[in-house]
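final19.csv (CSV, C-alpha atoms and all ligand atoms) appears below.
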```csv
chain,number,residue,atom,x,y,z
W,96,MET,CA,15.1,15.9,5.7
W,97,ASN,CA,15.5,17.2,2.3
W,98,LYS,CA,14.1,14.5,0.2
W,99,GLN,CA,14.4,14.7,-3.5
W,100,ASN,CA,11.3,16.0,-5.1
W,101,PRO,CA,10.7,14.2,-8.4
W,102,LEU,CA,8.5,17.0,-9.7
W,103,SER,CA,10.9,19.8,-9.0
W,104,LYS,CA,13.3,19.4,-11.9
W,105,SER,CA,13.1,19.9,-15.6
W,106,GLY,CA,12.5,17.1,-18.2
W,107,SER,CA,9.7,14.7,-18.7
W,108,LEU,CA,7.9,13.0,-15.8
W,109,LEU,CA,9.5,9.7,-16.6
W,110,GLU,CA,13.0,11.2,-17.0
W,111,ARG,CA,12.7,12.9,-13.6
W,112,ALA,CA,11.3,9.7,-12.1
W,113,ALA,CA,14.2,7.8,-13.4
W,114,GLN,CA,16.6,10.0,-11.5
W,115,ILE,CA,14.8,9.0,-8.4
W,116,TYR,CA,14.1,5.4,-9.3
W,117,ASP,CA,17.6,4.5,-10.5
W,118,TYR,CA,18.9,1.3,-9.0
W,119,VAL,CA,22.4,1.0,-7.6
W,120,PRO,CA,24.3,-2.1,-6.7
W,121,SER,CA,24.3,-2.9,-3.0
W,122,LYS,CA,27.2,-4.8,-1.4
W,123,THR,CA,24.9,-7.0,0.7
W,124,SER,CA,21.7,-7.5,-1.1
W,125,GLY,CA,21.9,-7.4,-4.9
W,126,SER,CA,20.0,-4.3,-6.0
W,127,VAL,CA,18.3,-1.7,-3.9
W,128,PRO,CA,16.8,1.6,-5.0
W,129,ASN,CA,18.8,4.8,-4.7
W,130,TYR,CA,16.9,7.1,-2.3
W,131,GLY,CA,19.3,10.0,-2.6
W,132,PRO,CA,22.1,11.1,-0.3
W,133,GLU,CA,20.1,11.5,2.9
W,134,ILE,CA,18.1,8.3,2.8
W,135,LEU,CA,19.7,5.1,3.8
W,136,PRO,CA,19.1,1.9,1.8
W,137,PRO,CA,16.2,0.3,3.7
W,138,GLU,CA,17.7,-3.2,4.1
W,139,GLU,CA,20.8,-2.0,5.8
W,140,SER,CA,19.2,0.8,7.9
W,141,ALA,CA,16.4,-1.5,9.0
W,142,GLU,CA,18.8,-4.1,10.2
W,143,GLN,CA,21.0,-1.6,12.1
W,144,SER,CA,18.5,0.6,13.9
W,145,VAL,CA,15.2,-1.4,14.3
W,146,PRO,CA,14.9,-3.5,17.4
W,147,VAL,CA,14.3,-7.2,16.8
W,148,LEU,CA,10.6,-7.9,16.9
W,149,ALA,CA,8.9,-10.7,18.7
W,150,PRO,CA,7.6,-13.5,16.4
W,151,ARG,CA,4.1,-13.1,15.0
W,152,GLU,CA,1.6,-13.8,17.7
W,153,ALA,CA,-1.0,-16.4,17.1
W,154,SER,CA,-3.6,-14.1,18.5
W,155,TYR,CA,-6.5,-15.4,16.4
W,156,ASP,CA,-7.7,-19.0,16.4
W,157,GLY,CA,-11.2,-18.6,14.9
W,158,PRO,CA,-12.4,-19.6,11.5
W,159,ARG,CA,-10.4,-18.6,8.4
W,160,VAL,CA,-11.8,-18.2,4.9
W,161,ILE,CA,-10.0,-19.9,2.0
W,162,VAL,CA,-8.5,-17.6,-0.6
W,163,ASP,CA,-8.8,-18.7,-4.2
W,164,ARG,CA,-5.2,-19.2,-5.2
W,165,ASP,CA,-6.1,-19.9,-8.9
W,166,LYS,CA,-7.9,-16.5,-9.1
W,167,LEU,CA,-4.9,-14.7,-7.6
W,168,ARG,CA,-2.5,-16.5,-10.0
W,169,GLU,CA,-4.7,-15.7,-13.0
W,170,ALA,CA,-4.8,-12.0,-12.1
W,171,GLY,CA,-1.0,-11.9,-11.9
W,172,PHE,CA,-0.7,-11.5,-8.1
W,173,VAL,CA,2.4,-12.7,-6.2
W,174,LEU,CA,1.4,-15.9,-4.5
W,175,PRO,CA,2.7,-16.3,-0.9
W,176,ASP,CA,4.1,-19.8,-1.6
W,177,GLY,CA,4.8,-19.1,-5.3
W,178,PRO,CA,8.2,-18.9,-7.0
W,179,VAL,CA,10.5,-15.8,-6.7
W,180,THR,CA,9.8,-13.6,-9.7
W,181,ALA,CA,10.9,-10.1,-10.8
W,182,LEU,CA,7.6,-8.8,-9.5
W,183,SER,CA,7.8,-10.5,-6.1
W,184,GLU,CA,11.4,-9.1,-5.8
W,185,GLU,CA,10.1,-5.6,-6.6
W,186,PHE,CA,7.5,-5.7,-4.0
W,187,ARG,CA,10.1,-6.9,-1.5
W,188,ILE,CA,12.1,-3.8,-2.2
W,189,ILE,CA,9.0,-1.6,-1.8
W,190,LYS,CA,8.0,-3.4,1.4
W,191,ARG,CA,11.3,-2.9,3.0
W,192,GLN,CA,11.1,0.9,2.7
W,193,LEU,CA,7.5,1.0,4.0
W,194,LEU,CA,8.3,-1.3,6.9
W,195,PHE,CA,11.3,0.7,7.8
W,196,THR,CA,9.3,4.0,7.8
W,197,ALA,CA,6.5,2.2,9.8
W,198,GLN,CA,9.0,1.6,12.6
W,199,GLN,CA,10.3,5.1,12.9
W,200,PRO,CA,9.3,6.6,16.2
W,201,HIS,CA,8.8,10.1,14.7
W,202,VAL,CA,6.3,8.8,12.1
W,203,ARG,CA,2.9,8.9,13.5
W,204,HIS,CA,0.8,5.9,12.5
W,205,GLY,CA,3.5,4.8,10.1
W,206,GLU,CA,1.8,1.3,10.2
W,207,ARG,CA,-1.1,2.8,8.3
W,208,ILE,CA,-0.3,2.8,4.6
W,209,LEU,CA,-2.6,4.3,2.0
W,210,ILE,CA,-2.2,3.0,-1.5
W,211,CYS,CA,-3.5,5.7,-3.8
W,212,SER,CA,-3.4,7.0,-7.4
W,213,ALA,CA,-4.7,9.9,-9.3
W,214,HIS,CA,-7.3,8.0,-11.4
W,215,PRO,CA,-9.0,4.6,-11.5
W,216,ASN,CA,-7.3,1.7,-13.2
W,217,GLU,CA,-3.7,2.8,-12.4
W,218,GLY,CA,-2.9,-0.2,-10.2
W,219,LYS,CA,-4.0,0.7,-6.7
W,220,THR,CA,-5.6,-2.6,-5.9
W,221,PHE,CA,-2.9,-4.5,-7.8
W,222,CYS,CA,-0.2,-2.9,-5.7
W,223,ALA,CA,-2.2,-3.0,-2.4
W,224,LEU,CA,-2.9,-6.7,-2.6
W,225,ASN,CA,0.6,-7.6,-3.8
W,226,LEU,CA,2.1,-5.5,-1.0
W,227,ALA,CA,-0.2,-7.1,1.6
W,228,LEU,CA,0.7,-10.6,0.4
W,229,SER,CA,4.4,-9.7,0.5
W,230,ILE,CA,4.1,-8.2,4.0
W,231,ALA,CA,2.0,-11.1,5.2
W,232,ALA,CA,4.9,-13.4,4.4
W,233,GLU,CA,7.1,-11.5,6.9
W,234,LYS,CA,7.5,-13.5,10.1
W,235,ASP,CA,7.4,-10.4,12.2
W,236,ASN,CA,4.3,-8.7,10.8
W,237,GLU,CA,0.7,-9.3,10.0
W,238,VAL,CA,-1.4,-7.4,7.6
W,239,LEU,CA,-4.9,-6.0,7.6
W,240,LEU,CA,-5.9,-5.0,4.1
W,241,VAL,CA,-8.7,-2.5,4.2
W,242,ASP,CA,-10.8,-2.0,1.1
W,243,ALA,CA,-11.4,1.7,1.3
W,244,ASP,CA,-12.4,2.2,-2.3
W,245,PHE,CA,-16.1,2.3,-1.3
W,246,ALA,CA,-17.4,3.1,-4.8
W,247,LYS,CA,-15.5,0.3,-6.5
W,248,PRO,CA,-14.5,-2.3,-3.9
W,249,SER,CA,-12.5,-5.1,-5.5
W,250,ILE,CA,-10.4,-6.7,-2.8
W,251,LEU,CA,-12.9,-9.4,-1.9
W,252,SER,CA,-13.6,-10.4,-5.5
W,253,SER,CA,-9.8,-10.5,-6.2
W,254,LEU,CA,-9.4,-13.0,-3.5
W,255,GLY,CA,-12.5,-15.0,-4.5
W,256,LEU,CA,-14.4,-14.1,-1.3
W,257,GLU,CA,-18.0,-13.2,-0.6
W,258,GLY,CA,-19.2,-9.7,0.3
W,259,SER,CA,-19.9,-8.9,3.9
W,260,LYS,CA,-20.1,-6.0,6.3
W,261,GLY,CA,-17.1,-3.7,6.3
W,262,LEU,CA,-15.6,-0.3,7.3
W,263,MET,CA,-18.4,2.0,6.0
W,264,ASP,CA,-21.0,-0.1,7.8
W,265,VAL,CA,-19.0,0.3,11.0
W,266,LEU,CA,-18.7,4.0,10.6
W,267,ALA,CA,-22.4,4.4,9.8
W,268,ASP,CA,-23.6,2.2,12.7
W,269,PRO,CA,-22.0,2.4,16.1
W,270,GLU,CA,-23.6,-0.9,17.0
W,271,ILE,CA,-21.4,-2.8,14.6
W,272,SER,CA,-18.0,-3.7,15.9
W,273,VAL,CA,-15.1,-3.4,13.5
W,274,GLU,CA,-13.5,-6.6,14.9
W,275,ASP,CA,-16.6,-8.6,13.8
W,276,CYS,CA,-16.1,-7.4,10.2
W,277,ILE,CA,-12.5,-8.5,9.9
W,278,ILE,CA,-12.1,-11.6,7.7
W,279,HIS,CA,-9.2,-13.8,8.6
W,280,THR,CA,-7.9,-15.7,5.6
W,281,ASP,CA,-6.0,-19.0,5.4
W,282,ILE,CA,-3.0,-17.1,4.1
W,283,PRO,CA,-0.9,-16.7,7.3
W,284,GLY,CA,-0.8,-13.1,8.5
W,285,LEU,CA,-3.4,-11.8,6.0
W,286,ALA,CA,-6.8,-10.4,7.2
W,287,ILE,CA,-9.2,-8.3,5.2
W,288,LEU,CA,-11.6,-5.5,6.2
W,289,PRO,CA,-14.2,-5.2,3.4
W,290,ALA,CA,-15.4,-1.8,2.3
W,291,GLY,CA,-19.0,-2.2,3.4
W,292,GLU,CA,-22.1,-0.5,2.0
W,293,GLN,CA,-21.4,2.8,0.2
W,294,THR,CA,-23.5,5.7,1.6
W,295,ASN,CA,-24.2,9.3,0.4
W,296,ALA,CA,-22.2,10.6,3.4
W,297,ASP,CA,-19.0,8.5,3.1
W,298,THR,CA,-16.7,11.6,3.4
W,299,GLU,CA,-18.6,12.9,6.4
W,300,TYR,CA,-18.4,9.5,8.1
W,301,LEU,CA,-14.7,9.2,7.3
W,302,ALA,CA,-14.0,12.7,8.7
W,303,SER,CA,-15.9,12.0,11.9
W,304,SER,CA,-14.3,11.4,15.3
W,305,ARG,CA,-15.6,7.8,15.2
W,306,THR,CA,-13.2,7.0,12.3
W,307,ARG,CA,-10.2,7.9,14.5
W,308,GLU,CA,-11.5,5.6,17.2
W,309,VAL,CA,-12.3,2.7,14.8
W,310,LEU,CA,-8.9,3.0,13.1
W,311,ASN,CA,-7.2,3.0,16.5
W,312,ARG,CA,-9.0,-0.2,17.4
W,313,LEU,CA,-7.5,-1.9,14.3
W,314,THR,CA,-4.0,-1.7,15.8
W,315,SER,CA,-4.7,-1.6,19.5
W,316,ASN,CA,-2.9,-4.6,21.1
W,317,LYS,CA,-1.6,-5.5,17.6
W,318,PRO,CA,1.9,-4.1,17.5
W,319,LYS,CA,2.9,-6.3,14.6
W,320,ARG,CA,-0.1,-5.3,12.4
W,321,ILE,CA,0.4,-3.2,9.3
W,322,VAL,CA,-2.8,-1.7,7.9
W,323,ILE,CA,-2.9,-1.2,4.2
W,324,PHE,CA,-5.8,0.9,2.7
W,325,ASP,CA,-6.8,0.4,-0.9
W,326,SER,CA,-7.8,4.0,-1.5
W,327,PRO,CA,-10.3,5.6,-3.9
W,328,PRO,CA,-8.6,7.6,-6.6
W,329,ALA,CA,-7.4,11.0,-5.3
W,330,LEU,CA,-9.0,13.0,-8.1
W,331,SER,CA,-12.4,11.2,-8.2
W,332,ALA,CA,-13.7,12.1,-4.7
W,333,SER,CA,-12.7,13.8,-1.5
W,334,LEU,CA,-12.4,10.5,0.3
W,335,ALA,CA,-8.7,9.9,-0.5
W,336,SER,CA,-7.7,13.2,1.0
W,337,VAL,CA,-9.6,12.5,4.2
W,338,LEU,CA,-8.1,9.0,4.4
W,339,ALA,CA,-4.6,10.5,3.9
W,340,THR,CA,-5.0,12.5,7.1
W,341,HIS,CA,-5.4,9.2,9.0
W,342,ALA,CA,-2.4,7.4,7.3
W,343,GLY,CA,1.2,7.6,8.3
W,344,GLN,CA,2.4,6.8,4.8
W,345,VAL,CA,0.9,7.2,1.3
W,346,MET,CA,2.2,5.0,-1.6
W,347,MET,CA,1.2,6.9,-4.7
W,348,VAL,CA,0.9,4.7,-7.8
W,349,VAL,CA,1.9,6.4,-11.0
W,350,LYS,CA,0.9,4.5,-14.1
W,351,ALA,CA,3.6,4.7,-16.6
W,352,ASP,CA,2.6,6.3,-19.9
W,353,LYS,CA,-0.8,7.1,-18.4
W,354,THR,CA,-0.7,9.3,-15.3
W,355,THR,CA,-0.1,12.9,-16.5
W,356,GLU,CA,2.1,15.2,-14.5
W,357,THR,CA,-0.8,17.6,-14.0
W,358,ALA,CA,-2.9,14.8,-12.5
W,359,LEU,CA,0.0,13.7,-10.3
W,360,ARG,CA,0.6,17.2,-9.0
W,361,ASP,CA,-3.1,17.7,-8.3
W,362,ALA,CA,-3.4,14.3,-6.6
W,363,LEU,CA,-0.3,15.0,-4.4
W,364,GLY,CA,-1.7,18.3,-3.4
W,365,LEU,CA,-4.9,16.6,-2.2
W,366,LEU,CA,-3.0,14.1,-0.2
W,367,ALA,CA,-0.9,16.6,1.6
W,368,GLY,CA,-2.6,15.6,4.9
W,369,CYS,CA,0.0,12.9,5.1
W,370,ASP,CA,3.7,13.8,5.5
W,371,ASN,CA,5.2,10.7,4.0
W,372,ILE,CA,4.3,10.2,0.4
W,373,GLN,CA,6.2,7.7,-1.8
W,374,LEU,CA,5.8,7.3,-5.5
W,375,VAL,CA,5.7,3.9,-7.3
W,376,LEU,CA,6.0,3.8,-11.0
W,377,ASN,CA,3.7,1.0,-12.2
W,378,GLY,CA,3.7,-1.0,-15.3
W,379,THR,CA,6.5,0.1,-17.6
W,380,LYS,CA,9.3,-1.7,-19.3
W,381,PHE,CA,11.4,1.4,-19.1
W,382,SER,CA,14.4,0.9,-16.9
W,383,PRO,CA,17.1,3.6,-16.5
W,384,THR,CA,19.8,1.1,-15.8
W,385,GLY,CA,18.8,-1.3,-18.5
W,386,ARG,CA,17.1,-3.8,-16.2
W,387,ASN,CA,14.2,-5.1,-18.2
W,388,PHE,CA,11.3,-6.3,-16.2
W,389,GLY,CA,7.9,-7.5,-17.5
W,390,SER,CA,6.5,-4.8,-15.3
W,391,TYR,CA,9.0,-2.4,-13.7
W,392,TYR,CA,8.4,-0.8,-10.4
W,393,GLY,CA,10.5,2.0,-9.1
W,394,PHE,CA,10.2,3.5,-5.7
W,395,GLY,CA,11.1,7.0,-4.7
W,396,SER,CA,10.3,9.7,-2.2
W,397,GLN,CA,8.3,12.8,-2.5
W,398,SER,CA,8.3,15.8,-0.2
R,401,LIG,N1,1.9,-3.9,-13.0
R,401,LIG,C1,0.8,-4.6,-13.5
R,401,LIG,N2,0.9,-5.7,-14.1
R,401,LIG,C2,-0.2,-6.4,-14.6
R,401,LIG,N3,-1.5,-6.0,-14.4
R,401,LIG,C3,-1.6,-4.8,-13.8
R,401,LIG,C4,-0.6,-4.1,-13.3
R,401,LIG,N4,-1.1,-3.0,-12.7
R,401,LIG,C5,-2.4,-3.0,-12.8
R,401,LIG,N5,-2.8,-4.2,-13.5
R,401,LIG,C6,-4.1,-4.6,-13.9
R,401,LIG,O1,-4.8,-3.4,-14.4
R,401,LIG,C7,-6.2,-3.4,-14.0
R,401,LIG,C8,-6.5,-2.2,-13.1
R,401,LIG,O2,-5.7,-2.2,-12.0
R,401,LIG,P1,-6.3,-2.0,-10.5
R,401,LIG,O3,-5.3,-2.3,-9.5
R,401,LIG,O4,-7.6,-2.7,-10.4
R,401,LIG,O5,-6.5,-0.4,-10.6
R,401,LIG,P2,-7.2,0.6,-9.5
R,401,LIG,O6,-7.3,-0.2,-8.2
R,401,LIG,O7,-6.2,1.7,-9.4
R,401,LIG,O8,-8.5,1.0,-10.1
R,401,LIG,C9,-6.4,-4.7,-13.2
R,401,LIG,O9,-6.9,-5.7,-14.0
R,401,LIG,C10,-5.0,-5.1,-12.7
R,401,LIG,O10,-4.8,-6.4,-12.5
R,402,MG,MG,-9.0,-0.7,-7.2
```
Written as structure tokens, how would this file's structure read?
Ligand SMILES: Nc1ncnc2c1ncn2[C@@H]1O[C@H](COP(=O)(O)OP(=O)(O)O)[C@@H](O)[C@H]1O
Ligand SMILES: [Mg+2]
Amino acid sequence: MNKQNPLSKSGSLLERAAQIYDYVPSKTSGSVPNYGPEILPPEESAEQSVPVLAPREASYDGPRVIVDRDKLREAGFVLPDGPVTALSEEFRIIKRQLLFTAQQPHVRHGERILICSAHPNEGKTFCALNLALSIAAEKDNEVLLVDADFAKPSILSSLGLEGSKGLMDVLADPEISVEDCIIHTDIPGLAILPAGEQTNADTEYLASSRTREVLNRLTSNKPKRIVIFDSPPALSASLASVLATHAGQVMMVVKADKTTETALRDALGLLAGCDNIQLVLNGTKFSPTGRNFGSYYGFGSQS
């Protein structure tokens, strides 16, 4: 498929992104992103070609931790039972495309989505958690949000939860079972796998064959589960590029007016281990069609 490459044309990064992120009216569902001539709008294509899924299974009936809703609200996250906002709608649009790709038979491990960016503070955790909350609200899916930013884990604190063992502990110690580290929350469909203790050999552990086995366990007998990884920044360490080889999709967060084209190009090069990379433009009031969001998210493809 010849996807449009937002970096292959002349003009500024934002101008070129705008060509990809332009919104076009849809007959059935308000506004959806224009993915170019060869990519169907996700809502329509998902409805037409994806088999109807069985309802979410109630496979877990153990204890659940209570998420601090006030903390989420204060940090600007989209609450599961909150009002419909421009932000929640934008994440719905993003979610549709990711879920559509996750169900394509030719996409290996499409249910594993890595949320990355070139540098810190460009919105990875903001997007990963909002996306997880949005997908958790789906009746047909459940979400496991993995904090994979081992040097700067922030998923637990964002949810007001206590630290506990996590992915790196499991990779470092075969005696620890990954299932035992998963925290089930009182938000239906949302579970968390904490980062665990950082080590000096994070990259080596991640590149080991045990990682493959552990990640496979996360979705074995869980056909409805989407696994979202809150990644380290691509340009800060080699971890993100290793994680990308395990993911079926990468959502690359581009911070408007901050991420430079050079940084984006370098980061995309490092994430080339994954075939499906999508760009999200985070935090700008710029809208090519005049739509004016508090924070505008565009969504486009990268090849
Ligand atoms: N679109 C946005 N709207 C409001 N706040 C945002 C947005 N994107 C990021 N932030 C805030 O910016 C800060 C850095 O974002 P964060 O997701 O933690 O970055 P990263 O995980 O890439 O280091 C956080 O306080 C986050 O809540
Ligand atoms: Mg973060």
Exercise. Could you list, as a list in words, all the residues within 10 Å of ligand MG 402 (chain R), counting all atoms listed in the file?
Worked result: Ile210, Cys211, Ser212, His214, Pro215, Asn216, Glu217, Gly218, Lys219, Thr220, Phe221, Cys222, Ala223, Leu224, Asp242, Ala243, Asp244, Phe245, Ala246, Lys247, Pro248, Ser249, Ile250, Ser253, Asp325, Ser326, Pro327 and Pro328 of chain W
Exercise. Suppose you want the space between atom CA of His279 of chain W and atom CA of Asp264 of chain W; what is it in Å?
Worked result: 18.1 Å
For this session: Have a look at atom CA of Pro318 of chain W and atom CA of Val345 of chain W and let me know their distance in Å, one decimal.
Result: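 Pair atom CA of Pro318 of chain W / atom CA of Val345 of chain W returns 19.8 Å.
Here the question is which of W:Leu174, W:Ile208, W:Ile188, W:Ala342 gets nearest to Ala232 of chain W using only C-alpha atoms, and that residue is W:Leu174.
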Problem set entry | Among listed residues W:Leu240, W:Ala213, W:Ala197, W:Leu313, nearest ligand LIG 401 (chain R) (using only C-alpha atoms and all ligand atoms) |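 Nearest candidate to ligand LIG 401 (chain R) out of W:Leu240, W:Ala213, W:Ala197, W:Leu313: W:Ala213.
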For this session: Measure the distance from atom CA of Glu274 of chain W to atom CA of Val202 of chain W in Å and round it to one decimal.
Result: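 Atom-to-atom, atom CA of Glu274 of chain W to atom CA of Val202 of chain W, that is 25.2 Å.
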For this session: Fewer than 5 positions away in the same chain doesn't count, so skip those; otherwise give me all residues within 8 Å of segment 358-365 of chain W, counting all atoms listed in the file, as JSON, numbers by chain.
Result: {"W": [102, 212, 213, 329, 330, 335, 336, 349]}
Problem set entry | Selected residue of minimal separation from ligand LIG 401 (chain R) among W:Ile230, W:Ile161, W:Val375, W:Ala170, counting only C-alpha atoms and all ligand atoms |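 Once distances to ligand LIG 401 (chain R) are computed over only C-alpha atoms and all ligand atoms, the minimum belongs to W:Ala170.
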For this session: Fewer than 5 positions away in the same chain doesn't count, so skip those; otherwise give me all residues within 12 Å of Ser315 of chain W, counting all atoms listed in the file, as a ChimeraX atom specification.
Result: /W:204,206,274,308-310,320-322
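Counting only C-alpha atoms and comparing W:Arg307, W:Glu270, W:Leu256, W:Lys319, the residue that lies closest to Glu233 of chain W is W:Lys319.
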Exercise. With all atoms listed in the file as the basis for distance, which of W:Asn311, W:Thr340, W:Ser304, W:Thr354 is at the shortest distance from ligand LIG 401 (chain R)?
Worked result: W:Thr354
For this session: Might you pull out every residue within 10 Å of Ala267 of chain W, with all atoms listed in the file counted and same-chain residues fewer than 3 positions away left off, and present them as an MDAnalysis selection string?
Result: chainID W and resid 262:264 270:271 291:294 296:297 299:301 305:306
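Comparing W:Ala286, W:Val265, W:Leu376, W:Leu193 by their smallest distance to Gly343 of chain W, the closest is W:Leu193 (using all atoms listed in the file).
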Can you put N, CA and C atoms back into segment 299-311 of chain W and show it as a short mmCIF file (atom, residue, chain, number, x, y, z; two decimals), keeping the file's coordinate frame?
```
data_model
loop_
_atom_site.label_atom_id
_atom_site.label_comp_id
_atom_site.auth_asym_id
_atom_site.auth_seq_id
_atom_site.Cartn_x
_atom_site.Cartn_y
_atom_site.Cartn_z
N GLU W 299 -18.25 12.36 5.08
CA GLU W 299 -18.60 12.90 6.40
C GLU W 299 -18.30 11.79 7.48
N TYR W 300 -18.67 10.54 7.17
CA TYR W 300 -18.40 9.50 8.10
C TYR W 300 -16.87 9.33 8.33
N LEU W 301 -16.14 9.39 7.21
CA LEU W 301 -14.70 9.20 7.30
C LEU W 301 -14.04 10.35 8.12
N ALA W 302 -14.60 11.53 8.01
CA ALA W 302 -14.00 12.70 8.70
C ALA W 302 -14.48 12.77 10.16
N SER W 303 -15.35 11.87 10.57
CA SER W 303 -15.90 12.00 11.90
C SER W 303 -14.91 11.43 12.97
N SER W 304 -15.18 11.80 14.21
CA SER W 304 -14.30 11.40 15.30
C SER W 304 -14.35 9.85 15.47
N ARG W 305 -15.44 9.26 15.08
CA ARG W 305 -15.60 7.80 15.20
C ARG W 305 -14.54 7.07 14.35
N THR W 306 -14.22 7.65 13.22
CA THR W 306 -13.20 7.00 12.30
C THR W 306 -11.90 6.85 13.08
N ARG W 307 -11.50 7.90 13.75
CA ARG W 307 -10.20 7.90 14.50
C ARG W 307 -10.27 6.71 15.52
N GLU W 308 -11.39 6.63 16.20
CA GLU W 308 -11.50 5.60 17.20
C GLU W 308 -11.52 4.20 16.60
N VAL W 309 -12.24 4.05 15.48
CA VAL W 309 -12.30 2.70 14.80
C VAL W 309 -10.92 2.34 14.29
N LEU W 310 -10.21 3.28 13.68
CA LEU W 310 -8.90 3.00 13.10
C LEU W 310 -7.91 2.64 14.26
N ASN W 311 -8.05 3.33 15.38
CA ASN W 311 -7.20 3.00 16.50
C ASN W 311 -7.41 1.59 17.00
#
```
